[in-house]
Every structure is written in structure tokens, then in C-alpha cells.
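Peer 1: Encoded as C-alpha cells, here's the structure I'll be asking about.
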Amino acid sequence: MKESGCIKKWQMKMLFYIALLFCGYINAQTLDLQQAEKIFKLPVHCIEVEFPNKLGQVLGSTDDLKSPKQLRPIFYGCFDWHSSVHGYWSIVKLLKDYPQLDESGTVRKILNRNITPENVSIESAFFEDYNNRNFERTYGWAWLLQLQHELHTWKDTDAQRWYQALKPLADMLTVKYEEYLPKLNYPIRTGQHNNTAFGLSLSLDYARSIGDKEFERLIIKHAKRLYGNDVNCNLSFEPSGNDFLSPCLEEALLMSKVLDIPEYRMWLKAFMPDMFNSGFSLVPGEVSDRRDGHLVHLDGLNFSRATCLYSISRKLPELSHLRSIADNHLNYSLGNITDDDYMGSHWLGSFALYALMNK
């Protein structure tokens, strides 16, 4: 090719962007009222939008041919069940920290109308169906538990009622975890929904927040069993074309939660030794088409990578250089959180929020 020896335009753009960041000209945004309001609008808009919808269920008979709202009277919006769940989580988290976002009480009324024992009973029945007993394992399970974690820690009358209403479903999913983890001989190391480390990480937060010591011990036991001997994770193979999670970094984040500092330092030096090099670098995932529901996953990858890097740097202070890499990832995609295309708007706000709150 005529210019085969030249750096591609997008590579030049990324190198320039990284240079600006390291020189201090670009600062990562923080979660303030303005940013919170921007993110808040996205799940509020979609939690009662029934279509388009990706049901993801197994049909056992014609009796299962029902509308999304009939099947899942709470979590029927935002395109799919798990996105609806973490949309609710985003709303709860932001209302908890920024109550002025709902001064009229309109959103609170929606939550009061939807999160009821009757509706939770229908949601739970779906998971009891033989054909769908593994539905949303473990990504959706983990987000439901994360929602419960946020409700449990919110000293608000409505929030406590929602927590109690959802408790039977959360308890059911905890039991499903208890049945599943001993049978999982190998972790699932993908960059998408069924990534084992991501699900365990969110679920561990829940176990600790509600004081469920037995569930906490279960997660820690199996995290160590599944990942304790891992070495030399190869970041150069990441990302795949439609990842929104980093298999290497999600595992590193989980282990930061289950190991003490000396143990974790030793484990991470064996697992990702390059991270201890002050020159360690990682370029954000580039999105070529944000109208494509799979390609836009890479914006989510940038947010989830940022979350991992921020958290790991807090665990080990000598890895403070990871924060600038996290900032770079956050900045690359944060401006793209808009409501102009439903393929991104129905879920990306939650991942942006999770990164911002973990800074």
C-alpha cells in the first residue's frame, strides 16, 4: 500500500490524546449534579419502554408467548432484563445521592408502582420455570444483587420497602449461586455477560453490605479456587470486537476484593506483572459505529476498564499510575453517553455511573 509505513490517522489521534492526558491538559470528569442529571435521564426514559425488546428466554410451550411486561412486570424496559435491572440500580443510586433529581416525585412514583410484592412474585416465577432456571446467569443475577445492595444502604422509607419486596428474588438468586458455583469447574473468561469474575465482584459487594457472611465466604472460596493460581494474563489479546468487560482486569478487580494487600500484591505481580511498570499503557477501545448494538459495547469496555483500574490503584498505592490510564478511558467514552441511539442509551449510563462512583 502507498502509505503502509505511516501511522494510521486513528493511531495518531489516540497518541495525541494520551500525550495531552499525561501532560496534564485533560482531566477526567467527576460525578457532580450536572453529570448525574445527564445519566439519570437515560434509565428514567427506558425503564417503561417495552419495545424494542430482547427477551432471551426459552419457550416451553405456547403459554410462554407473552409480552415482556406480562412476563416481567418490573424489569421489562430498557431492551433486556439485565439492562432494566441496572437501569433501576442507576436510578436508585442517583436518587440516593442527588434527591433533587426527582423534586416532583415522578420517578419515585414509577418505582412505587412497579416494585411491588405482586410483581416480584411474577418475576420470581420466571426463574422457577425449568426452561429458564439459568436465565441471566450470572450477569443479571449480579446486577439484581447490586440493586439490593444500594437499596439496603439507603435510609429511605420507600427504598426499604422496595428492598423487602425484592428480597424473595434476591434470596432465590443467592441460592442459585450456592448451587452453581461448586459445579463450575472453570471460570468463564469472556468479555461479555457471562464473565464469572464480574458477577462475583458485584455479588460480593452485596453479600458484605447486607452482612451475609455465608454467601461472602462462598464467593471468596470459589474466587480463590478459580483464579488463585492464574499467571501471565495477556492483555494484548484484548479487546475482542464487541467486549464490554476486560477478562484480565475484571479478574484482577475481583481478587483485590478477596485477598489482603500483601497477598494481592504477590498474586498481581504473577498475574499482570507489567502493571507494576510505570510505563504501562492501555489504549481505549475504539468504537466505529455507535448505532451498532454490539460495536458500541466498546464504550462500555472503556468504562469497566476505568472502574477496574481506579479500584486496583486504591488497593495498591504503588500503582497510582493506573489512574491516568483510567481517566483516559473514561474521557474517551463519557461524552458519548447520549440518548440519540437506543442501542447505547439503554445501558451505557449505568457503566459510566459505576466508573464515576469508583474514581
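Residues in the C-alpha cells are named by chain (A, B, ... in the order shown) and by number from 1 within that chain; ligands are numbered from 1 in the order shown.
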For region 225-235 of chain A, list every protein, DNA or RNA residue within 7 Å, evaluated using only C-alpha atoms, and leave out those in the same chain fewer than 2 positions away; present the list as a list of chain:residue names.
Peer 2: A:Tyr186, A:Pro187, A:Lys221, A:His222, A:Ala223, A:Phe237, A:Glu238, A:Cys248, A:Ala270, A:Phe271, A:Met272
Peer 1: Keeping C-alpha atoms, export the residues of the selection given above as a PDB file, in the first residue's frame.
Peer 2:
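Written file, result_11.pdb:
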ATOM      1  CA  TYR A 186     -13.568 -23.460  35.220  1.00  0.00           C
ATOM      2  CA  PRO A 187     -14.260 -19.727  35.238  1.00  0.00           C
ATOM      3  CA  LYS A 221     -13.756 -19.574  48.469  1.00  0.00           C
ATOM      4  CA  HIS A 222     -14.629 -20.058  44.829  1.00  0.00           C
ATOM      5  CA  ALA A 223     -12.864 -16.902  43.645  1.00  0.00           C
ATOM      6  CA  PHE A 237      -5.411 -10.218  23.208  1.00  0.00           C
ATOM      7  CA  GLU A 238      -7.978  -7.700  24.449  1.00  0.00           C
ATOM      8  CA  CYS A 248      -7.903  -9.754  32.747  1.00  0.00           C
ATOM      9  CA  ALA A 270       2.378 -13.026  38.883  1.00  0.00           C
ATOM     10  CA  PHE A 271      -0.862 -12.361  37.046  1.00  0.00           C
ATOM     11  CA  MET A 272      -0.139  -8.992  35.382  1.00  0.00           C
TER      12      MET A 272
END
Peer 1: From a DSSP pass on the backbone, collect the residues of region 39-262 of chain A flagged as helix (DSSP H, G or I) and hand them back as a PyMOL selection string.
Peer 2: chain A and resi 39-46+62-64+68-71+81-97+99-102+106-114+117-128+130-132+139-152+157-183+196-210+213-227+235-237+247-258+261-262
Peer 1: At what distance in Å, to one decimal, does CA of Lys54 (chain A) lie from CA of Asn112 (chain A)?
Peer 2: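 A separation of 24.9 Å between them.
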Peer 1: Quick one: residues within 7 Å of region 37-40 of chain A, only C-alpha atoms, excluding same-chain residues fewer than 3 positions away - as a list in words?
Peer 2: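 Here the qualifying residues turn out to be Leu33, Gln34, Pro43, Val44, Ile91, Leu94, Leu101 and Gly349 of chain A.
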Peer 1: What would the file look like if the residues just selected were written as an mmCIF file, in the first residue's frame with N, CA, C and O atoms?
Peer 2:
data_model
loop_
_atom_site.group_PDB
_atom_site.id
_atom_site.type_symbol
_atom_site.label_atom_id
_atom_site.label_comp_id
_atom_site.auth_asym_id
_atom_site.auth_seq_id
_atom_site.Cartn_x
_atom_site.Cartn_y
_atom_site.Cartn_z
ATOM 1 N N LEU A 33 -23.589 17.071 40.047
ATOM 2 C CA LEU A 33 -25.018 17.144 39.768
ATOM 3 C C LEU A 33 -25.309 17.188 38.273
ATOM 4 O O LEU A 33 -26.230 16.521 37.789
ATOM 5 N N GLN A 34 -24.519 17.929 37.529
ATOM 6 C CA GLN A 34 -24.742 18.036 36.091
ATOM 7 C C GLN A 34 -24.557 16.683 35.395
ATOM 8 O O GLN A 34 -25.382 16.286 34.563
ATOM 9 N N PRO A 43 -31.863 5.952 32.096
ATOM 10 C CA PRO A 43 -32.707 4.849 32.575
ATOM 11 C C PRO A 43 -34.137 5.281 32.863
ATOM 12 O O PRO A 43 -35.065 4.475 32.704
ATOM 13 N N VAL A 44 -34.325 6.527 33.297
ATOM 14 C CA VAL A 44 -35.693 7.008 33.533
ATOM 15 C C VAL A 44 -36.499 6.937 32.243
ATOM 16 O O VAL A 44 -37.684 6.572 32.242
ATOM 17 N N ILE A 91 -30.920 4.535 38.795
ATOM 18 C CA ILE A 91 -31.902 5.475 39.320
ATOM 19 C C ILE A 91 -31.826 5.548 40.836
ATOM 20 O O ILE A 91 -31.799 6.634 41.434
ATOM 21 N N LEU A 94 -28.556 7.264 42.048
ATOM 22 C CA LEU A 94 -28.541 8.711 41.823
ATOM 23 C C LEU A 94 -29.571 9.431 42.683
ATOM 24 O O LEU A 94 -29.307 10.533 43.177
ATOM 25 N N LEU A 101 -32.828 15.412 41.864
ATOM 26 C CA LEU A 101 -33.106 14.963 40.501
ATOM 27 C C LEU A 101 -34.569 14.610 40.297
ATOM 28 O O LEU A 101 -35.050 14.556 39.164
ATOM 29 N N GLY A 349 -25.266 4.278 30.408
ATOM 30 C CA GLY A 349 -25.256 5.188 31.550
ATOM 31 C C GLY A 349 -24.882 4.497 32.840
ATOM 32 O O GLY A 349 -24.162 5.059 33.683
#
Peer 1: Find the residues near Pro239 (chain A): any atom within 10 Å, counting only C-alpha atoms, skip ones fewer than 5 places away on the same chain, and give them as a list in words.
Peer 2: Gly191, Phe244, Leu245, Ser246, Pro247, Pro284, Gly285, Glu286, Leu298 and Leu301 of chain A
Peer 1: For C-alpha atoms, I'd like the residues from the last selection saved as a PDB file, in the first residue's frame.
Peer 2:
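File again.pdb, as written:
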ATOM      1  CA  GLY A 191     -15.581 -10.051  27.776  1.00  0.00           C
ATOM      2  CA  PHE A 244     -17.668  -4.563  27.279  1.00  0.00           C
ATOM      3  CA  LEU A 245     -15.598  -6.238  30.008  1.00  0.00           C
ATOM      4  CA  SER A 246     -11.881  -6.948  30.249  1.00  0.00           C
ATOM      5  CA  PRO A 247     -11.337 -10.577  31.294  1.00  0.00           C
ATOM      6  CA  PRO A 284      -9.139   2.777  24.981  1.00  0.00           C
ATOM      7  CA  GLY A 285     -11.316   0.624  22.767  1.00  0.00           C
ATOM      8  CA  GLU A 286     -12.300   2.496  19.607  1.00  0.00           C
ATOM      9  CA  LEU A 298     -16.543  -0.953  23.439  1.00  0.00           C
ATOM     10  CA  LEU A 301     -15.432  -1.629  27.949  1.00  0.00           C
TER      11      LEU A 301
END
Peer 1: List the spatial neighbours of Glu178 (chain A) as a PDB file with N, CA and C atoms, in the first residue's frame - criterion: any atom at most 10 Å away, only C-alpha atoms, same-chain residues fewer than 6 positions off excluded.
Peer 2:
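Result file is selection03.pdb:
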ATOM      1  N   MET A 172     -33.587 -15.992  46.144  1.00  0.00           N
ATOM      2  CA  MET A 172     -33.606 -17.079  45.171  1.00  0.00           C
ATOM      3  C   MET A 172     -32.318 -17.099  44.361  1.00  0.00           C
ATOM      4  N   GLU A 214     -22.152 -16.088  55.170  1.00  0.00           N
ATOM      5  CA  GLU A 214     -22.077 -17.371  54.487  1.00  0.00           C
ATOM      6  C   GLU A 214     -21.915 -17.190  52.983  1.00  0.00           C
ATOM      7  N   PHE A 215     -22.691 -16.270  52.415  1.00  0.00           N
ATOM      8  CA  PHE A 215     -22.589 -16.002  50.978  1.00  0.00           C
ATOM      9  C   PHE A 215     -21.238 -15.377  50.652  1.00  0.00           C
ATOM     10  N   LEU A 218     -18.653 -18.071  50.603  1.00  0.00           N
ATOM     11  CA  LEU A 218     -18.811 -18.879  49.395  1.00  0.00           C
ATOM     12  C   LEU A 218     -18.124 -18.234  48.203  1.00  0.00           C
ATOM     13  N   ILE A 219     -18.356 -16.946  48.020  1.00  0.00           N
ATOM     14  CA  ILE A 219     -17.766 -16.236  46.878  1.00  0.00           C
ATOM     15  C   ILE A 219     -16.247 -16.189  47.005  1.00  0.00           C
TER      16      ILE A 219
END
Peer 1: Show which residues sit within 12 Å of Ala36 (chain A), as a PyMOL selection string. Count only C-alpha atoms, and ignore same-chain residues fewer than 5 positions away.
Peer 2: chain A and resi 29-31+41-43+90-102+337+349-350+352-354+356-357
Peer 1: What does the file look like for those residues with C-alpha atoms, as a CSV table (one decimal), in the first residue's frame?
Peer 2:
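Once written, again.csv looks like this:
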chain,number,residue,atom,x,y,z
A,29,GLN,CA,-14.7,14.2,34.6
A,30,THR,CA,-16.2,13.6,38.0
A,31,LEU,CA,-19.7,12.7,39.2
A,41,LYS,CA,-32.4,10.7,32.2
A,42,LEU,CA,-31.3,7.6,30.3
A,43,PRO,CA,-32.7,4.8,32.6
A,90,SER,CA,-28.7,3.7,38.4
A,91,ILE,CA,-31.9,5.5,39.3
A,92,VAL,CA,-31.7,4.3,42.9
A,93,LYS,CA,-28.0,5.2,43.3
A,94,LEU,CA,-28.5,8.7,41.8
A,95,LEU,CA,-31.7,9.4,43.8
A,96,LYS,CA,-29.9,8.4,46.9
A,97,ASP,CA,-27.0,10.8,46.3
A,98,TYR,CA,-28.9,13.6,44.4
A,99,PRO,CA,-32.5,13.7,45.6
A,100,GLN,CA,-33.1,16.9,43.8
A,101,LEU,CA,-33.1,15.0,40.5
A,102,ASP,CA,-36.7,14.0,41.3
A,337,ILE,CA,-23.4,8.9,26.7
A,349,GLY,CA,-25.3,5.2,31.5
A,350,SER,CA,-25.0,2.5,34.2
A,352,ALA,CA,-20.5,5.3,33.2
A,353,LEU,CA,-22.0,5.8,36.6
A,354,TYR,CA,-20.3,2.8,38.1
A,356,LEU,CA,-17.5,7.6,38.1
A,357,MET,CA,-18.5,6.4,41.6
Peer 1: Given the choices A:Asn358, A:Asn131, A:Thr338, A:Ser278, which gets closest to Ile325 (chain A) if the distance is worked out from only C-alpha atoms?
Peer 2: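 Looking only at the distances to Ile325 (chain A), the closest residue turns out to be A:Ser278.
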Peer 1: Calculated over only C-alpha atoms, which of the candidates A:His321, A:His45, A:Arg314, A:Lys66 has the smallest distance to Gly279 (chain A)?
Peer 2: A:His321
Peer 1: May I ask which of the residues A:Leu181, A:Leu202, A:Ile210, A:Ala326 is the closest one to Thr153 (chain A), counting only C-alpha atoms?
Peer 2: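 The shortest atom-to-atom distance to Thr153 (chain A) comes from A:Ile210.
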Peer 1: Quick one: everything within 10 Å of Ser67 (chain A), counting only C-alpha atoms, minus sequence neighbours fewer than 3 positions away in the same chain. Send it as a ChimeraX atom specification.
Peer 2: /A:50-51,53,55,64,70-73,76
Peer 1: Could you check which of A:Gln57, A:Gln192, A:Gln35, A:Arg305 is closest to Asp129 (chain A), using only C-alpha atoms?
Peer 2: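 Closest to Asp129 (chain A), using only C-alpha atoms: A:Gln57.
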Peer 1: Pick out the closest residue to Arg189 (chain A) from this set: A:Leu309, A:Tyr206, A:Phe135, A:Leu249. Count only C-alpha atoms.
Peer 2: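 Answer, going by the shortest atom-to-atom distance: A:Leu249.
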Peer 1: Nearest to Leu147 (chain A): which of A:Val175, A:Val120, A:Ser203, A:Phe126 is it, counting only C-alpha atoms?
Peer 2: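 For Leu147 (chain A), the nearest of the candidates is A:Ser203.
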